>>> print(open('my_file.txt').read())   # compact mmCIF, C-alpha atoms
# COMPACT_ATOMS: atom_id res chain seq x y z
CA MET I 266 0.00 0.00 0.00
CA PHE I 267 2.75 2.45 0.94
CA GLY I 268 4.69 1.39 -2.12
CA SER I 269 1.83 2.37 -4.39
CA ALA I 270 1.17 5.52 -2.33
CA LEU I 271 4.77 6.59 -2.82
CA ILE I 272 4.66 6.06 -6.58
CA VAL I 273 1.37 7.94 -6.93
CA PHE I 274 2.79 10.70 -4.71
CA ARG I 275 5.85 11.14 -6.93
CA GLU I 276 3.73 11.29 -10.07
CA VAL I 277 1.18 13.68 -8.54
CA LEU I 278 3.84 15.93 -7.00
CA GLU I 279 5.04 17.46 -10.26
CA ALA I 280 1.53 18.23 -11.48
CA ALA I 281 0.55 19.58 -8.03
CA LEU I 282 3.55 21.93 -7.84
CA ILE I 283 2.83 23.25 -11.33
CA VAL I 284 -0.83 23.81 -10.45
CA ALA I 285 0.33 25.65 -7.29
CA ILE I 286 2.53 27.97 -9.36
CA VAL I 287 -0.34 28.57 -11.80
CA MET I 288 -2.67 29.37 -8.90
CA GLY I 289 -0.04 31.76 -7.56
CA ALA I 290 0.46 33.42 -10.91
CA THR I 291 -3.28 34.03 -11.27
CA ARG I 292 -3.74 35.41 -7.78
CA GLY I 293 -6.52 37.97 -7.64
CA VAL I 294 -7.80 37.16 -11.10
CA ALA I 295 -11.55 36.60 -11.35
CA GLY I 296 -12.63 33.19 -12.62
CA ARG I 297 -9.22 31.53 -12.25
CA GLY I 298 -10.62 28.67 -10.18
CA ARG I 299 -12.93 27.66 -13.01
CA TRP I 300 -10.13 27.81 -15.61
CA VAL I 301 -7.64 25.87 -13.53
CA SER I 302 -10.27 23.26 -12.65
CA ALA I 303 -11.12 22.91 -16.33
CA GLY I 304 -7.40 22.41 -16.99
CA VAL I 305 -7.16 19.69 -14.36
CA ALA I 306 -10.32 17.98 -15.64
CA GLY I 307 -9.11 18.14 -19.25
CA GLY I 308 -5.74 16.81 -18.17
CA LEU I 309 -7.32 13.86 -16.38
CA LEU I 310 -9.41 13.02 -19.41
CA GLY I 311 -6.33 13.27 -21.63
CA ALA I 312 -4.34 11.13 -19.18
CA ILE I 313 -6.91 8.34 -19.40
CA LEU I 314 -6.84 8.53 -23.20
CA VAL I 315 -3.03 8.47 -23.34
CA ALA I 316 -2.95 5.54 -20.92
CA ALA I 317 -5.56 3.67 -22.95
CA PHE I 318 -3.53 4.10 -26.13
CA ALA I 319 -0.12 3.74 -24.45
CA GLY I 320 0.76 0.71 -26.55
CA SER I 321 0.05 2.32 -29.90
CA ILE I 322 1.67 5.60 -28.84
CA SER I 323 4.78 3.71 -27.78
CA ASP I 324 4.93 1.83 -31.11
CA ALA I 325 4.34 4.93 -33.24
CA VAL I 326 7.17 6.61 -35.14
CA ASN I 327 9.40 3.54 -34.99
CA GLY I 328 9.06 3.21 -31.24
CA ARG I 329 9.65 6.87 -30.55
CA GLY I 330 6.03 7.96 -30.14
CA GLN I 331 6.14 8.19 -26.36
CA GLU I 332 9.23 10.40 -26.35
CA ILE I 333 7.84 12.66 -29.07
CA LEU I 334 4.50 13.00 -27.30
CA ASN I 335 6.22 13.83 -24.00
CA ALA I 336 8.49 16.38 -25.64
CA SER I 337 5.58 17.99 -27.53
CA VAL I 338 3.45 18.29 -24.41
CA LEU I 339 6.40 19.78 -22.49
CA LEU I 340 7.25 22.27 -25.23
CA ALA I 341 3.60 23.30 -25.57
CA ALA I 342 3.60 24.03 -21.83
CA VAL I 343 6.81 26.04 -22.23
CA ALA I 344 5.15 28.14 -24.96
CA MET I 345 2.13 28.84 -22.74
CA LEU I 346 4.31 29.78 -19.75
CA ALA I 347 6.36 32.07 -21.95
CA TRP I 348 3.23 33.70 -23.31
CA HIS I 349 1.96 34.23 -19.77
CA ASN I 350 5.15 35.92 -18.64
CA VAL I 351 5.26 38.18 -21.68
CA TRP I 352 1.62 39.14 -21.11
CA MET I 353 2.32 39.82 -17.44
CA SER I 354 5.35 41.94 -18.22
CA ALA I 355 3.07 44.21 -20.22
CA HIS I 356 0.04 44.17 -17.90
CA GLY I 357 1.27 42.91 -14.52
CA ARG I 358 2.00 46.26 -12.95
CA ALA I 359 -1.37 47.72 -13.86
CA LEU I 360 -3.01 44.52 -12.68
CA ALA I 361 -1.34 44.65 -9.25
CA ARG I 362 -2.28 48.32 -8.87
CA GLN I 363 -5.87 47.63 -9.78
CA MET I 364 -6.03 44.70 -7.34
CA LYS I 365 -4.88 46.95 -4.49
CA GLN I 366 -7.41 49.64 -5.43
CA VAL I 367 -10.52 47.55 -5.91
CA GLY I 368 -9.79 45.09 -3.11
CA HIS I 369 -11.40 42.19 -4.94
CA ASP I 370 -10.60 39.98 -7.90
CA VAL I 371 -10.22 41.75 -11.22
CA SER I 372 -11.10 40.30 -14.59
CA VAL I 373 -8.39 40.06 -17.24
CA GLY I 374 -10.15 38.42 -20.15
CA SER I 375 -9.89 34.80 -21.12
CA LYS I 376 -6.54 34.76 -22.98
CA PRO I 377 -4.10 34.82 -20.05
CA LEU I 378 -6.27 32.39 -18.11
CA SER I 379 -6.62 29.93 -20.96
CA ALA I 380 -2.83 29.84 -21.42
CA LEU I 381 -2.34 28.84 -17.80
CA ALA I 382 -5.28 26.43 -17.86
CA LEU I 383 -3.46 24.67 -20.70
CA VAL I 384 -0.26 24.53 -18.63
CA THR I 385 -2.29 22.78 -15.91
CA LEU I 386 -3.82 20.46 -18.48
CA PHE I 387 -0.43 19.45 -19.87
CA ALA I 388 1.04 18.82 -16.41
CA VAL I 389 -1.89 16.64 -15.32
CA LEU I 390 -1.91 14.86 -18.68
CA ARG I 391 1.75 13.90 -18.51
CA GLU I 392 1.95 12.81 -14.90
CA GLY I 393 -1.60 11.48 -14.80
CA SER I 394 -1.17 9.06 -17.69
CA GLU I 395 1.71 7.34 -15.88
CA THR I 396 -0.35 7.14 -12.70
CA VAL I 397 -3.31 5.68 -14.57
CA LEU I 398 -1.09 3.06 -16.23
CA PHE I 399 0.48 2.15 -12.92
CA LEU I 400 -2.83 1.83 -11.09
CA TYR I 401 -4.50 0.02 -13.96
CA GLY I 402 -1.67 -2.51 -13.97
CA LEU I 403 -2.15 -3.15 -10.27
CA THR I 404 -5.87 -3.73 -10.75
CA ALA I 405 -5.14 -6.10 -13.61
CA SER I 406 -2.66 -8.06 -11.52
CA GLY I 407 -5.31 -8.59 -8.86
CA THR I 408 -4.02 -6.41 -6.04
CA GLY I 409 -6.91 -5.89 -3.61
CA SER I 410 -8.90 -2.89 -4.70
CA LEU I 411 -9.19 -1.50 -1.17
CA THR I 412 -5.40 -1.55 -0.69
CA LEU I 413 -5.00 -0.01 -4.09
CA MET I 414 -7.55 2.72 -3.47
CA THR I 415 -6.03 3.54 -0.09
CA GLY I 416 -2.54 3.79 -1.55
CA ALA I 417 -3.68 5.92 -4.46
CA VAL I 418 -5.73 8.23 -2.25
CA LEU I 419 -2.83 8.62 0.22
CA GLY I 420 -0.42 9.43 -2.59
CA LEU I 421 -2.84 11.86 -4.20
CA ALA I 422 -3.54 13.57 -0.87
CA ALA I 423 0.17 13.89 -0.03
CA GLY I 424 1.06 15.26 -3.47
CA THR I 425 -1.81 17.74 -3.41
CA GLY I 426 -0.81 18.68 0.16
CA VAL I 427 2.72 19.63 -0.89
CA GLY I 428 1.27 21.68 -3.77
CA TRP I 429 -1.04 23.45 -1.33
CA LEU I 430 1.93 24.22 0.97
CA LEU I 431 3.80 25.78 -1.95
CA TYR I 432 0.73 27.86 -2.82
CA ARG I 433 0.36 29.07 0.80
CA GLY I 434 4.06 29.88 0.82
CA LEU I 435 3.70 31.90 -2.37
CA LEU I 436 0.83 33.91 -0.87
CA SER I 437 3.11 35.08 1.95
CA VAL I 438 5.14 37.06 -0.59
CA PRO I 439 4.07 40.73 -0.29
CA ILE I 440 1.75 41.83 -3.09
CA GLY I 441 4.19 44.50 -4.27
CA HIS I 442 6.77 41.86 -5.20
CA PHE I 443 4.35 39.03 -5.77
CA PHE I 444 4.07 39.06 -9.55
CA SER I 445 7.75 39.57 -10.17
CA PHE I 446 8.40 36.62 -7.83
CA THR I 447 5.89 34.32 -9.55
CA GLY I 448 7.26 35.61 -12.87
CA TRP I 449 10.71 34.28 -11.98
CA LEU I 450 9.19 31.01 -10.84
CA VAL I 451 7.31 30.63 -14.12
CA LEU I 452 10.47 31.52 -16.06
CA LEU I 453 12.61 28.89 -14.33
CA LEU I 454 9.82 26.34 -14.56
CA ALA I 455 9.58 26.92 -18.31
CA ALA I 456 13.36 26.59 -18.76
CA GLY I 457 13.37 23.35 -16.76
CA LEU I 458 10.52 21.87 -18.79
CA ALA I 459 12.34 22.80 -22.00
CA ALA I 460 15.48 20.98 -20.80
CA ASN I 461 13.29 18.02 -19.91
CA ALA I 462 11.86 18.03 -23.44
CA ALA I 463 15.41 18.06 -24.86
CA GLY I 464 16.08 14.92 -22.80
CA PHE I 465 13.14 13.13 -24.44
CA LEU I 466 14.20 14.26 -27.91
CA THR I 467 17.73 12.92 -27.41
CA GLN I 468 16.25 9.69 -26.03
CA ALA I 469 14.31 9.43 -29.31
CA GLY I 470 17.54 10.02 -31.23
CA LEU I 471 16.18 13.23 -32.74
CA LEU I 472 18.68 15.62 -31.17
CA PRO I 473 22.40 15.24 -30.55
CA LEU I 474 23.64 15.24 -26.94
CA LEU I 475 26.31 17.84 -27.83
CA SER I 476 28.05 16.72 -24.66
CA PRO I 477 27.04 13.59 -22.74
CA GLN I 478 27.59 15.23 -19.34
CA MET I 479 28.20 18.88 -18.59
CA TRP I 480 28.88 18.25 -14.91
CA ASP I 481 28.12 15.77 -12.14
CA SER I 482 26.68 17.34 -9.00
CA SER I 483 24.97 14.14 -7.83
CA HIS I 484 27.26 14.00 -4.77
CA ILE I 485 26.08 17.48 -3.71
CA ILE I 486 22.36 17.22 -4.50
CA SER I 487 21.33 13.91 -6.02
CA GLN I 488 18.39 14.13 -8.36
CA GLN I 489 17.04 11.01 -6.70
CA SER I 490 16.82 12.81 -3.34
CA TRP I 491 13.69 14.69 -2.29
CA LEU I 492 15.47 18.03 -2.49
CA GLY I 493 16.82 17.10 -5.92
CA THR I 494 13.34 16.06 -7.05
CA LEU I 495 11.78 19.32 -5.84
CA LEU I 496 14.49 21.43 -7.45
CA HIS I 497 14.16 19.41 -10.64
CA ILE I 498 10.44 20.10 -10.86
CA LEU I 499 10.60 23.76 -9.83
CA ILE I 500 13.73 25.10 -11.50
CA GLY I 501 14.83 22.23 -13.75
CA TYR I 502 17.78 21.15 -11.60
CA ASP I 503 19.69 18.27 -13.20
CA ASP I 504 22.65 16.60 -11.51
CA ARG I 505 24.12 15.32 -14.80
CA PRO I 506 22.77 17.43 -17.66
CA THR I 507 23.68 16.86 -21.27
CA GLY I 508 24.96 19.68 -23.46
CA ILE I 509 21.73 20.00 -25.40
CA GLN I 510 19.70 20.21 -22.16
CA LEU I 511 21.82 23.09 -20.97
CA VAL I 512 21.39 24.79 -24.36
CA PHE I 513 17.59 24.36 -24.20
CA TYR I 514 17.54 25.69 -20.63
CA LEU I 515 19.61 28.79 -21.37
CA VAL I 516 17.96 29.56 -24.72
CA THR I 517 14.49 29.32 -23.15
CA LEU I 518 15.55 31.63 -20.31
CA GLY I 519 17.13 34.09 -22.73
CA VAL I 520 14.27 34.17 -25.22
CA ILE I 521 11.55 34.61 -22.60
CA LEU I 522 13.53 37.32 -20.80
CA ALA I 523 14.15 39.17 -24.06
CA LEU I 524 10.46 39.01 -25.00
CA MET I 525 9.46 40.17 -21.52
CA ARG I 526 11.81 43.12 -21.79
CA LEU I 527 10.56 43.97 -25.25
CA PHE I 528 6.84 43.84 -24.43
CA GLY I 529 7.32 45.07 -20.88
CA SER I 530 8.86 48.34 -22.01
CA ALA I 531 6.17 48.78 -24.67
CA GLY I 532 3.44 48.25 -22.07
CA SER I 533 4.74 50.53 -19.34
CA ARG I 534 6.34 53.28 -21.43
CA SER I 535 3.41 55.60 -20.92
CA ALA I 536 3.11 54.74 -17.24
CA ARG I 537 6.74 55.16 -16.15
CA PRO I 538 8.81 57.02 -18.68
CA ALA I 539 11.64 57.88 -16.25
CA GLU I 540 12.30 54.27 -15.32
CA GLN I 541 12.46 53.16 -18.91
CA ALA I 542 14.99 55.85 -19.80
CA ALA I 543 17.38 54.62 -17.11
CA MET X 7 -6.34 22.10 -26.45
CA THR X 8 -6.39 22.97 -30.14
CA ARG X 9 -2.75 23.97 -30.48
CA PRO X 10 -0.62 21.05 -29.30
CA ILE X 11 -2.58 18.28 -31.02
CA PRO X 12 -2.02 19.32 -34.66
CA PHE X 13 1.59 20.05 -33.71
CA THR X 14 2.03 16.59 -32.23
CA LEU X 15 0.33 14.92 -35.16
CA THR X 16 2.40 16.83 -37.68
CA ALA X 17 5.54 15.93 -35.80
CA LEU X 18 4.52 12.28 -35.67
CA LEU X 19 3.77 12.17 -39.38
CA ALA X 20 6.84 14.09 -40.42
CA LEU X 21 9.10 11.87 -38.36
CA ASN X 22 7.57 8.58 -39.38
CA LEU X 23 10.62 7.67 -41.43
CA PRO X 24 13.38 5.38 -40.25
CA LEU X 25 16.58 7.09 -39.23
CA PRO X 26 19.45 5.04 -40.70
CA ALA X 27 21.51 5.28 -37.52
CA LEU X 28 18.65 3.86 -35.47
CA ALA X 29 17.67 1.17 -37.93
CA ASP X 30 21.21 -0.21 -37.97
CA ALA X 31 21.68 -0.32 -34.21
CA ALA X 32 22.46 -3.68 -32.62
CA VAL X 33 19.44 -5.09 -30.80
CA HIS X 34 19.60 -6.49 -27.27
CA ALA X 35 16.59 -8.14 -25.69
CA LEU X 36 15.54 -7.59 -22.11
CA VAL X 37 12.57 -9.34 -20.53
CA ILE X 38 10.55 -8.18 -17.56
CA GLN X 39 8.90 -11.06 -15.76
CA ASP X 40 7.57 -11.12 -12.19
CA HIS X 41 8.92 -7.58 -11.83
CA ARG X 42 12.50 -8.68 -12.51
CA PHE X 43 14.79 -8.03 -15.44
CA GLU X 44 16.04 -11.04 -17.34
CA PRO X 45 18.95 -10.90 -17.77
CA ALA X 46 19.62 -8.64 -14.80
CA GLU X 47 23.01 -7.88 -16.28
CA ILE X 48 23.28 -7.03 -19.94
CA ARG X 49 26.51 -6.51 -21.87
CA VAL X 50 26.61 -4.17 -24.84
CA PRO X 51 29.44 -2.82 -26.96
CA ALA X 52 30.83 0.53 -25.82
CA ARG X 53 30.87 3.60 -28.09
CA GLN X 54 27.98 2.30 -30.19
CA ARG X 55 24.34 3.13 -30.30
CA VAL X 56 22.42 0.04 -29.21
CA LYS X 57 18.76 -0.76 -29.13
CA LEU X 58 17.29 -2.44 -26.08
CA VAL X 59 14.00 -4.13 -26.77
CA VAL X 60 12.29 -4.44 -23.42
CA ASP X 61 9.61 -7.11 -23.38
CA ASN X 62 7.26 -6.65 -20.47
CA ARG X 63 5.53 -9.99 -19.87
CA ASP X 64 3.88 -8.89 -16.64
CA ALA X 65 0.24 -7.87 -16.36
CA THR X 66 1.42 -4.56 -14.88
CA ALA X 67 2.93 -1.55 -16.58
CA GLU X 68 6.56 -0.78 -15.86
CA GLU X 69 8.72 2.26 -16.31
CA PHE X 70 12.22 1.49 -17.51
CA GLU X 71 14.26 4.16 -15.81
CA SER X 72 17.92 4.93 -15.42
CA ALA X 73 19.61 8.03 -14.07
CA ASP X 74 22.95 6.71 -15.37
CA LEU X 75 21.62 6.23 -18.90
CA ARG X 76 19.18 9.17 -18.67
CA ARG X 77 16.30 7.10 -19.86
CA GLU X 78 12.69 6.86 -18.77
CA LYS X 79 10.17 4.93 -20.76
CA ILE X 80 6.81 3.46 -19.90
CA ILE X 81 6.28 -0.11 -21.05
CA PRO X 82 2.62 -1.05 -20.92
CA ALA X 83 1.59 -4.49 -19.63
CA ASN X 84 2.30 -7.40 -21.97
CA SER X 85 4.06 -5.33 -24.60
CA LYS X 86 7.46 -4.47 -25.96
CA ALA X 87 9.15 -1.10 -26.20
CA SER X 88 12.46 0.01 -27.64
CA VAL X 89 14.97 2.03 -25.69
CA TRP X 90 18.01 3.30 -27.56
CA VAL X 91 21.12 3.93 -25.53
CA GLY X 92 24.61 5.13 -26.25
CA PRO X 93 27.09 5.55 -27.69
CA LEU X 94 28.35 4.91 -24.16
CA PRO X 95 31.83 5.09 -22.69
CA LYS X 96 33.02 1.83 -21.11
CA GLY X 97 31.45 1.37 -17.71
CA GLN X 98 28.53 0.16 -15.66
CA TYR X 99 25.10 1.70 -15.75
CA GLN X 100 22.30 0.92 -13.33
CA PHE X 101 18.71 0.76 -14.49
CA TYR X 102 15.49 -0.14 -12.71
CA GLY X 103 11.77 -0.53 -13.06
CA ASP X 104 10.36 2.57 -11.45
CA PHE X 105 7.07 0.91 -10.52
CA HIS X 106 8.69 -2.09 -8.83
CA GLN X 107 12.02 -0.85 -7.59
CA LYS X 108 12.41 -3.52 -4.92
CA THR X 109 12.83 -6.32 -7.44
CA ALA X 110 13.26 -4.73 -10.85
CA GLN X 111 16.94 -3.83 -10.74
CA GLY X 112 19.44 -4.32 -13.52
CA ARG X 113 22.83 -3.32 -14.76
CA LEU X 114 24.13 -2.56 -18.21
CA ILE X 115 27.80 -3.06 -18.89
CA ALA X 116 29.34 -1.30 -21.86
CA GLU X 117 32.61 -2.93 -22.88
>>> encode(input="my_file.txt", output="structure tokens")
Amino acid sequence: MFGSALIVFREVLEAALIVAIVMGATRGVAGRGRWVSAGVAGGLLGAILVAAFAGSISDAVNGRGQEILNASVLLAAVAMLAWHNVWMSAHGRALARQMKQVGHDVSVGSKPLSALALVTLFAVLREGSETVLFLYGLTASGTGSLTLMTGAVLGLAAGTGVGWLLYRGLLSVPIGHFFSFTGWLVLLLAAGLAANAAGFLTQAGLLPLLSPQMWDSSHIISQQSWLGTLLHILIGYDDRPTGIQLVFYLVTLGVILALMRLFGSAGSRSARPAEQAA
Amino acid sequence: MTRPIPFTLTALLALNLPLPALADAAVHALVIQDHRFEPAEIRVPARQRVKLVVDNRDATAEEFESADLRREKIIPANSKASVWVGPLPKGQYQFYGDFHQKTAQGRLIAE
């Protein structure tokens, strides 16, 4: 039971932390609960579909279907996170000001919310399909359904609990710095997911490694440890990254930052001319 | 929901051609039975790309995972999946079944 709880916990954790960051990034935005819930629901539905067709996905593209699907889902999430940050760099300041003034949730239109709902969907889809396959296998092998249910529920509860803790932690950041803080989190999350996608593409033989190992920091923080796992999910920490993963990480960081700067200065030029001149 | 699916499909279709390097790779078979790898120790040539065909004969799904090889791949119940590794420097590489870590442990030796 604890074995299955642990596996479900590990799978749920990544999705839960990403949902927590999305909930943080949409703080004070009217209707976010509905969008994020829709993302989770869509992700669960997708996870069941992916699990049901796992065999054919795995066999597709000369046995590289699974890697390509994973990489595509990751890169789609990276695009949505990037879009969110660029949007926030143009509108975030005005949004925070408005939130302070009105004292209740403000509406922002459906575009920024749908981007983050998709990020939630992708996270749940990816991690959920593995969980579904794992649990389905246990049912098929005749493990008692009560044991199974208990393990799954424990794992789900623990994973969600850690996500909730991260969300509560985020809320303790003062509102003045809040969106720049979540902006950095989203940025590092996106870079980490991009590096992860590069890993799947090299596994599929579609990208060169460039260098098989840039460094080995597994004796300092092992990626198998809990700290390593958390850092891997949140900021893309890798104890033995390949060259191409580092390139994906840095290029994603650089491109999103450049776009944020570009659109950020366009958005706030009228509001704060002095700051932009500096 | 509308964006990633056409992208994925296009990618799948565009890439549905054999890569010569992959098609030529030496094939090594690995069986998963009763949540154990058979053989638990597999020898492959170093500095060559090799294809591991993992045949999961259990009724449960397994995830072939290795931090040393940087591989993670789900293998559904009663099915086979290919995992390409290398070219690897000479050495030992641990791998395991993520869903049954207690028993599913194996080692790949590149020589």
>>> residues_around(input="my_file.txt", residues="Arg329 (chain I)", least_positions_apart="5", cutoff="9 Å", atoms="all atoms listed in the file", output="PyMOL selection string")
(chain I and resi 322-324+334+468-470) or (chain X and resi 88-89)
>>> closest_residue(input="my_file.txt", among="X:Val91, X:Ala73, X:Ile38, X:Ala110", to="Ala52 (chain X)", atoms="all atoms listed in the file")
X:Val91
>>> residues_around(input="my_file.txt", residues="His106 (chain X)", least_positions_apart="3", cutoff="10 Å", atoms="only C-alpha atoms", output="ChimeraX atom specification")
/I:268-269,272 /X:40-42,66-69,102-103,109-111
>>> residues_near_point(input="my_file.txt", point="(4.6, 6.7, -4.8)", cutoff="12 Å", atoms="all atoms listed in the file", output="PyMOL selection string")
(chain I and resi 266-278+395-396+399-400+413+416-424) or (chain X and resi 104-107)
>>> residues_near_point(input="my_file.txt", point="(0.1, 27.1, -3.3)", cutoff="12 Å", atoms="all atoms listed in the file", output="ChimeraX atom specification")
/I:281-292,424-438,447
>>> residues_around(input="my_file.txt", residues="Gln510 (chain I)", least_positions_apart="3", cutoff="9 Å", atoms="all atoms listed in the file", output="MDAnalysis selection string")
chainID I and resid 457 459:464 474 506:507 513:515
